[in-house]
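Visitor: Pasting final30.txt below, which is compact mmCIF, C-alpha atoms and all ligand atoms.
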# COMPACT_ATOMS: atom_id res chain seq x y z
CA MET A 1 155.80 1.29 104.73
CA GLY A 2 158.92 3.18 105.86
CA GLN A 3 156.85 6.10 107.13
CA ALA A 4 154.21 3.85 108.74
CA LYS A 5 156.96 2.02 110.61
CA ALA A 6 158.58 5.25 111.76
CA MET A 7 155.25 6.47 113.12
CA ALA A 8 154.53 3.20 114.89
CA ASP A 9 157.96 3.32 116.52
CA GLY A 10 157.56 6.93 117.61
CA SER A 11 159.29 10.09 116.45
CA TRP A 12 162.95 10.56 115.52
CA TYR A 13 163.79 12.18 118.86
CA ASP A 14 162.33 9.49 121.11
CA THR A 15 165.44 7.31 120.83
CA ASP A 16 167.66 10.21 121.95
CA ILE A 17 165.76 10.68 125.20
CA ASP A 18 167.07 9.06 128.37
CA HIS A 19 164.05 9.86 130.50
CA VAL A 20 160.91 11.98 130.31
CA ILE A 21 160.59 14.75 132.90
CA ILE A 22 157.15 16.16 132.00
CA SER A 23 154.72 14.49 129.60
CA GLU A 24 152.66 16.13 126.86
CA GLU A 25 149.47 15.61 128.83
CA GLN A 26 150.94 17.11 132.02
CA ILE A 27 152.01 20.19 130.04
CA ARG A 28 148.54 20.58 128.51
CA GLU A 29 146.78 20.32 131.87
CA LYS A 30 149.21 22.67 133.60
CA ILE A 31 148.87 25.34 130.91
CA ASP A 32 145.08 25.33 131.30
CA GLU A 33 145.53 25.64 135.07
CA LEU A 34 147.96 28.56 134.70
CA ALA A 35 145.67 30.30 132.21
CA LYS A 36 142.73 29.89 134.56
CA GLN A 37 144.70 31.47 137.39
CA VAL A 38 145.92 34.36 135.23
CA ALA A 39 142.39 34.91 133.88
CA ALA A 40 140.94 35.05 137.40
CA ASP A 41 143.63 37.49 138.58
CA HIS A 42 143.08 39.78 135.58
CA ALA A 43 139.28 39.65 135.36
CA ASP A 44 138.96 43.44 135.66
CA VAL A 45 141.81 44.39 133.33
CA LYS A 46 140.08 46.50 130.67
CA ASP A 47 142.63 46.81 127.88
CA GLY A 48 143.73 43.18 127.88
CA ILE A 49 147.04 41.57 128.79
CA LEU A 50 150.18 42.20 126.79
CA LEU A 51 152.03 38.90 126.56
CA VAL A 52 155.78 39.22 126.02
CA CYS A 53 157.40 36.02 124.76
CA VAL A 54 161.13 35.57 125.09
CA LEU A 55 162.38 33.86 121.93
CA LYS A 56 163.02 31.16 121.04
CA GLY A 57 162.45 28.75 123.89
CA ALA A 58 159.06 30.10 124.99
CA VAL A 59 157.42 29.88 121.55
CA MET A 60 155.49 26.65 122.17
CA PHE A 61 154.40 27.80 125.61
CA MET A 62 153.30 31.20 124.27
CA ALA A 63 151.18 29.60 121.54
CA ASP A 64 149.41 27.15 123.85
CA PHE A 65 149.12 29.52 126.80
CA ALA A 66 147.65 32.36 124.69
CA ARG A 67 145.04 30.00 123.21
CA SER A 68 144.08 28.70 126.62
CA LEU A 69 143.89 32.22 128.05
CA GLY A 70 141.78 33.33 125.09
CA ARG A 71 139.18 30.68 125.91
CA GLN A 72 138.77 31.79 129.51
CA GLY A 73 140.24 35.23 130.13
CA PRO A 74 140.61 38.80 128.98
CA SER A 75 141.88 39.57 125.49
CA THR A 76 145.60 39.41 124.84
CA GLU A 77 148.13 40.94 122.52
CA MET A 78 151.46 39.35 121.72
CA GLU A 79 154.95 40.80 121.64
CA PHE A 80 158.22 39.00 121.05
CA MET A 81 161.68 39.78 122.34
CA ALA A 82 164.98 38.07 121.70
CA VAL A 83 167.88 38.47 124.08
CA SER A 84 171.29 36.96 124.29
CA SER A 85 173.06 36.47 127.55
CA TYR A 86 176.82 36.85 127.70
CA GLY A 87 177.62 33.74 129.65
CA GLN A 88 180.62 31.68 130.61
CA GLY A 89 179.95 28.41 128.81
CA THR A 90 176.54 27.19 129.92
CA THR A 91 176.01 29.61 132.81
CA SER A 92 174.40 32.96 132.23
CA SER A 93 176.17 36.07 133.53
CA GLY A 94 173.20 38.40 133.79
CA VAL A 95 174.65 40.74 131.15
CA VAL A 96 172.08 40.78 128.41
CA ARG A 97 172.04 42.09 124.85
CA ILE A 98 168.74 42.79 123.11
CA LEU A 99 168.58 41.10 119.71
CA LYS A 100 164.93 41.97 119.11
CA ASP A 101 163.14 44.67 121.06
CA LEU A 102 159.42 45.25 121.64
CA ASP A 103 157.54 46.66 118.66
CA ARG A 104 155.33 48.95 120.72
CA ASP A 105 154.98 51.21 123.70
CA ILE A 106 154.01 49.38 126.90
CA THR A 107 153.17 52.47 128.99
CA ASP A 108 150.21 51.76 131.33
CA ARG A 109 149.79 48.22 129.98
CA HIS A 110 149.53 45.04 132.05
CA VAL A 111 152.53 43.04 130.87
CA LEU A 112 152.96 39.30 131.40
CA VAL A 113 156.36 37.87 130.46
CA VAL A 114 155.98 34.35 129.09
CA GLU A 115 159.17 32.43 129.90
CA ASP A 116 160.15 28.86 129.14
CA ILE A 117 162.44 28.12 132.06
CA VAL A 118 164.03 30.01 134.92
CA ASP A 119 167.43 28.69 135.92
CA SER A 120 169.79 31.23 137.54
CA GLY A 121 167.10 33.86 137.01
CA LEU A 122 169.68 36.39 135.83
CA THR A 123 168.18 36.86 132.37
CA LEU A 124 164.74 37.33 133.84
CA SER A 125 165.75 39.85 136.50
CA TRP A 126 167.48 41.92 133.84
CA LEU A 127 164.40 41.75 131.63
CA MET A 128 162.07 42.75 134.46
CA LYS A 129 164.15 45.86 135.19
CA TYR A 130 164.19 46.71 131.49
CA LEU A 131 160.41 46.37 131.13
CA GLU A 132 159.69 48.23 134.39
CA SER A 133 161.75 51.18 133.13
CA ARG A 134 159.18 51.59 130.34
CA SER A 135 156.36 52.53 132.74
CA PRO A 136 153.86 49.66 132.34
CA ALA A 137 150.87 49.39 134.71
CA SER A 138 152.33 46.07 135.91
CA VAL A 139 154.91 43.44 134.94
CA GLU A 140 154.46 39.83 135.99
CA VAL A 141 156.01 36.56 134.91
CA VAL A 142 154.62 33.17 133.99
CA ALA A 143 157.31 30.50 133.64
CA LEU A 144 156.52 26.95 132.62
CA PHE A 145 159.57 25.44 134.30
CA ARG A 146 161.75 26.43 137.23
CA LYS A 147 165.03 24.88 138.34
CA PRO A 148 166.19 24.72 141.97
CA ASP A 149 168.74 27.57 141.67
CA ALA A 150 165.98 30.01 140.70
CA VAL A 151 164.44 29.59 144.12
CA LYS A 152 167.60 31.05 145.68
CA VAL A 153 167.53 34.24 143.60
CA GLN A 154 164.84 36.82 144.20
CA VAL A 155 163.02 36.54 140.88
CA PRO A 156 159.41 37.55 141.21
CA THR A 157 157.97 34.69 139.16
CA LYS A 158 154.30 34.92 140.04
CA TYR A 159 153.10 31.91 138.07
CA VAL A 160 155.20 28.72 137.82
CA GLY A 161 154.20 25.55 136.02
CA PHE A 162 156.63 22.90 137.23
CA ASP A 163 159.62 22.79 139.54
CA ILE A 164 162.03 20.44 137.83
CA PRO A 165 165.36 18.88 138.87
CA ASN A 166 168.68 20.52 138.08
CA GLU A 167 169.22 18.67 134.80
CA PHE A 168 169.57 20.02 131.27
CA VAL A 169 166.24 19.40 129.58
CA VAL A 170 165.05 19.60 125.98
CA GLY A 171 161.67 19.70 124.27
CA TYR A 172 158.58 21.88 124.13
CA GLY A 173 160.64 24.80 122.80
CA LEU A 174 163.85 24.01 124.67
CA ASP A 175 166.78 23.04 122.49
CA PHE A 176 170.15 21.44 122.46
CA ALA A 177 172.15 23.00 119.59
CA GLU A 178 168.84 24.21 118.05
CA ARG A 179 167.35 20.71 117.94
CA TYR A 180 164.54 19.01 119.90
CA ARG A 181 162.38 22.15 120.16
CA GLU A 182 159.47 20.42 118.37
CA MET A 183 159.16 17.64 120.95
CA PRO A 184 155.73 17.79 122.62
CA TYR A 185 157.17 16.68 125.97
CA VAL A 186 160.26 17.55 128.03
CA GLY A 187 163.06 15.13 128.73
CA VAL A 188 166.76 14.58 129.37
CA LEU A 189 169.05 13.49 126.55
CA LYS A 190 171.07 10.30 126.66
CA PRO A 191 174.76 10.97 127.43
CA GLU A 192 175.83 9.59 124.04
CA VAL A 193 173.91 12.38 122.27
CA TYR A 194 176.38 14.90 123.73
CA ALA A 195 179.30 12.65 122.81
CA ARG A 196 178.04 12.58 119.19
CA SER A 197 177.97 16.35 118.79
P1 LIG B 201 168.90 31.95 133.44
O1 LIG B 201 169.33 33.38 133.20
O2 LIG B 201 167.64 31.83 134.28
O3 LIG B 201 170.03 31.12 134.01
O4 LIG B 201 168.68 31.34 132.00
C1 LIG B 201 167.44 31.03 131.51
C2 LIG B 201 167.56 30.60 130.06
O5 LIG B 201 168.54 29.56 129.91
C3 LIG B 201 166.23 29.97 129.63
O6 LIG B 201 165.36 30.94 129.11
C4 LIG B 201 166.68 28.92 128.62
O7 LIG B 201 166.76 29.51 127.35
C5 LIG B 201 168.07 28.52 129.09
N1 LIG B 201 168.02 27.27 129.89
C6 LIG B 201 168.07 27.15 131.23
N2 LIG B 201 167.98 25.85 131.60
C7 LIG B 201 167.83 25.13 130.46
C8 LIG B 201 167.66 23.73 130.18
O8 LIG B 201 167.61 22.83 131.04
N3 LIG B 201 167.53 23.38 128.86
C9 LIG B 201 167.58 24.29 127.84
N4 LIG B 201 167.43 23.83 126.60
N5 LIG B 201 167.73 25.63 128.08
C10 LIG B 201 167.85 26.04 129.37
Rewrite the coordinates I just gave you, this time as structure tokens.
Ligand code: 5GP

Guide:
Amino acid sequence: MGQAKAMADGSWYDTDIDHVIISEEQIREKIDELAKQVAADHADVKDGILLVCVLKGAVMFMADFARSLGRQGPSTEMEFMAVSSYGQGTTSSGVVRILKDLDRDITDRHVLVVEDIVDSGLTLSWLMKYLESRSPASVEVVALFRKPDAVKVQVPTKYVGFDIPNEFVVGYGLDFAERYREMPYVGVLKPEVYARS
């Protein structure tokens, strides 16, 4: 009874959300669209695309995007990197430390960085320079979300899912204090959630 009620009322996180920014269905449709575009642009890539996921936020996107690409495009391989940005509070400084590096050589490979969200773009521009220094055939970026500030910086984000407002969002891999990553949609937390923590 308890569990049935909880399911009928929604999931634990729903009550913490002030408003939804992007729904589960919108995410699903957009990922198929992005995968279709990437597949069309890489139709003649012979050795497949090397997807590089930036942990942890891009995990959900990587999993769904890779499956969608697999249904319609060239083969893919997956790599994971973890970086930490030395920031001042919530803003990133562009100085990045590698916590987990690539496991393989990317020389002459077509690399596609799979990013959750581009905000200041500082982390991404550092990462692009780092990957380019390893002599790949190409490095491109697919980001599911982009905030307004990213438009001001010159970050070559070839594929973008959604331009979203300048609000702190959670869900679909994005966390607040390591929570809310499992949400299938993206939303803004109620102010009292921050007051609680
Ligand atoms: P940037 O260097 O572009 O400012 O930082 C990008 C990183 O900051 C993203 O990969 C993500 O981890 C984090 N980030 C930026 N905006 C948000 C947001 O609205 N919500 C969450 N949870 N993380 C964000």

Visitor: Could you list, as an mmCIF file with C-alpha atoms, in the coordinates of the input, every residue within 10 Å of A:His110, counting all atoms listed in the file and ignoring same-chain residues fewer than 6 positions away?

Guide:
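Produced file part.cif, reproduced below:
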data_model
loop_
_atom_site.group_PDB
_atom_site.id
_atom_site.type_symbol
_atom_site.label_atom_id
_atom_site.label_comp_id
_atom_site.auth_asym_id
_atom_site.auth_seq_id
_atom_site.Cartn_x
_atom_site.Cartn_y
_atom_site.Cartn_z
ATOM 1 C CA HIS A 42 143.080 39.780 135.580
ATOM 2 C CA VAL A 45 141.810 44.390 133.330
ATOM 3 C CA LYS A 46 140.080 46.500 130.670
ATOM 4 C CA ASP A 47 142.630 46.810 127.880
ATOM 5 C CA GLY A 48 143.730 43.180 127.880
ATOM 6 C CA ILE A 49 147.040 41.570 128.790
ATOM 7 C CA LEU A 50 150.180 42.200 126.790
ATOM 8 C CA LEU A 51 152.030 38.900 126.560
ATOM 9 C CA THR A 76 145.600 39.410 124.840
ATOM 10 C CA PRO A 136 153.860 49.660 132.340
ATOM 11 C CA ALA A 137 150.870 49.390 134.710
ATOM 12 C CA SER A 138 152.330 46.070 135.910
ATOM 13 C CA VAL A 139 154.910 43.440 134.940
ATOM 14 C CA GLU A 140 154.460 39.830 135.990
#

Visitor: Could the residues that lie within 6 Å of ligand LIG 201 (chain B), counting only C-alpha atoms and all ligand atoms, be listed as a count of residues only?

Guide: 17

Visitor: Calculated over only C-alpha atoms, which of the candidates A:Leu131, A:Val20, A:Ala58, A:Leu99 has the smallest distance to A:Phe145?

Guide: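 Closest to A:Phe145 of all the choices is A:Ala58.
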
Visitor: Just want the 12 Å neighbourhood of A:Gly70, counted on all atoms listed in the file, with same-chain residues fewer than 3 positions away dropped. Output as a ChimeraX atom specification.

Guide: /A:32,35-36,38-39,48-49,51,62-67,73-78

Visitor: If we count all atoms listed in the file, what is near A:Tyr180 at a cut-off of 12 Å, once residues fewer than 2 positions away on the same chain are taken out, given as a list in words?

Guide: Ser11, Trp12, Tyr13, Asp14, Thr15, Asp16, Ile17, Gly57, Val169, Val170, Gly171, Tyr172, Gly173, Leu174, Asp175, Phe176, Ala177, Glu178, Glu182, Met183, Pro184, Tyr185, Val186, Gly187, Val188, Leu189 and Val193 of chain A

Visitor: Measure the distance from atom CA of A:Phe162 to atom CA of A:Lys100 in Å and round it to one decimal.

Guide: 27.6 Å

Visitor: When you count only C-alpha atoms, which of these residues is closest to A:Lys30: A:Ala195, A:Leu144, A:Ala150, A:Val83?

Guide: A:Leu144

Visitor: Let me make sure I understand: among A:Arg28, A:Lys56, A:Lys147, A:Arg134, which one has the smallest atom-to-atom distance to A:Asp105 if we use all atoms listed in the file?

Guide: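 Among the listed residues, A:Arg134 lies closest to A:Asp105.
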
Visitor: Restricting the calculation to all atoms listed in the file: of A:Val54, A:Pro165, A:Arg146, A:Met60, which residue gets closest to A:Met128?

Guide: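 That would be A:Val54, the residue with the smallest distance to A:Met128.
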
Visitor: Of the candidates A:Val155, A:Leu69, A:Ala82, A:Val96, which shows the shortest atom-to-atom distance to A:Leu34, using all atoms listed in the file?

Guide: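 Among A:Val155, A:Leu69, A:Ala82, A:Val96, it is A:Leu69 that comes nearest to A:Leu34.
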
Visitor: May I ask for the distance between atom CA of A:Ile21 and atom CA of A:Glu192, given in Å to one decimal place?

Guide: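 Answer for the atom CA of A:Ile21 to atom CA of A:Glu192 separation: 18.4 Å.
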
Visitor: Will you model N, CA and C atoms for stretch 183-196 of chain A and pass it back as an mmCIF file, in the coordinates of the input?

Guide:
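The file below, rebuild-v7.cif, is the result:
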data_model
loop_
_atom_site.group_PDB
_atom_site.id
_atom_site.type_symbol
_atom_site.label_atom_id
_atom_site.label_comp_id
_atom_site.auth_asym_id
_atom_site.auth_seq_id
_atom_site.Cartn_x
_atom_site.Cartn_y
_atom_site.Cartn_z
ATOM 1 N N MET A 183 159.687 18.724 120.109
ATOM 2 C CA MET A 183 159.160 17.640 120.950
ATOM 3 C C MET A 183 157.964 18.125 121.777
ATOM 4 N N PRO A 184 156.894 17.338 121.855
ATOM 5 C CA PRO A 184 155.730 17.790 122.620
ATOM 6 C C PRO A 184 155.869 17.574 124.128
ATOM 7 N N TYR A 185 156.925 16.907 124.540
ATOM 8 C CA TYR A 185 157.170 16.680 125.970
ATOM 9 C C TYR A 185 158.588 17.156 126.308
ATOM 10 N N VAL A 186 158.938 17.084 127.594
ATOM 11 C CA VAL A 186 160.260 17.550 128.030
ATOM 12 C C VAL A 186 161.032 16.399 128.641
ATOM 13 N N GLY A 187 162.275 16.245 128.216
ATOM 14 C CA GLY A 187 163.060 15.130 128.730
ATOM 15 C C GLY A 187 164.546 15.449 128.769
ATOM 16 N N VAL A 188 165.302 14.458 129.260
ATOM 17 C CA VAL A 188 166.760 14.580 129.370
ATOM 18 C C VAL A 188 167.394 13.692 128.305
ATOM 19 N N LEU A 189 168.389 14.238 127.627
ATOM 20 C CA LEU A 189 169.050 13.490 126.550
ATOM 21 C C LEU A 189 169.967 12.399 127.095
ATOM 22 N N LYS A 190 170.113 11.351 126.312
ATOM 23 C CA LYS A 190 171.070 10.300 126.660
ATOM 24 C C LYS A 190 172.487 10.865 126.581
ATOM 25 N N PRO A 191 173.389 10.434 127.446
ATOM 26 C CA PRO A 191 174.760 10.970 127.430
ATOM 27 C C PRO A 191 175.438 10.847 126.069
ATOM 28 N N GLU A 192 175.124 9.771 125.331
ATOM 29 C CA GLU A 192 175.830 9.590 124.040
ATOM 30 C C GLU A 192 175.434 10.648 123.005
ATOM 31 N N VAL A 193 174.307 11.314 123.205
ATOM 32 C CA VAL A 193 173.910 12.380 122.270
ATOM 33 C C VAL A 193 174.924 13.527 122.354
ATOM 34 N N TYR A 194 175.386 13.822 123.565
ATOM 35 C CA TYR A 194 176.380 14.900 123.730
ATOM 36 C C TYR A 194 177.722 14.446 123.147
ATOM 37 N N ALA A 195 178.027 13.193 123.331
ATOM 38 C CA ALA A 195 179.300 12.650 122.810
ATOM 39 C C ALA A 195 179.351 12.718 121.283
ATOM 40 N N ARG A 196 178.162 12.565 120.645
ATOM 41 C CA ARG A 196 178.040 12.580 119.190
ATOM 42 C C ARG A 196 178.288 13.969 118.599
#
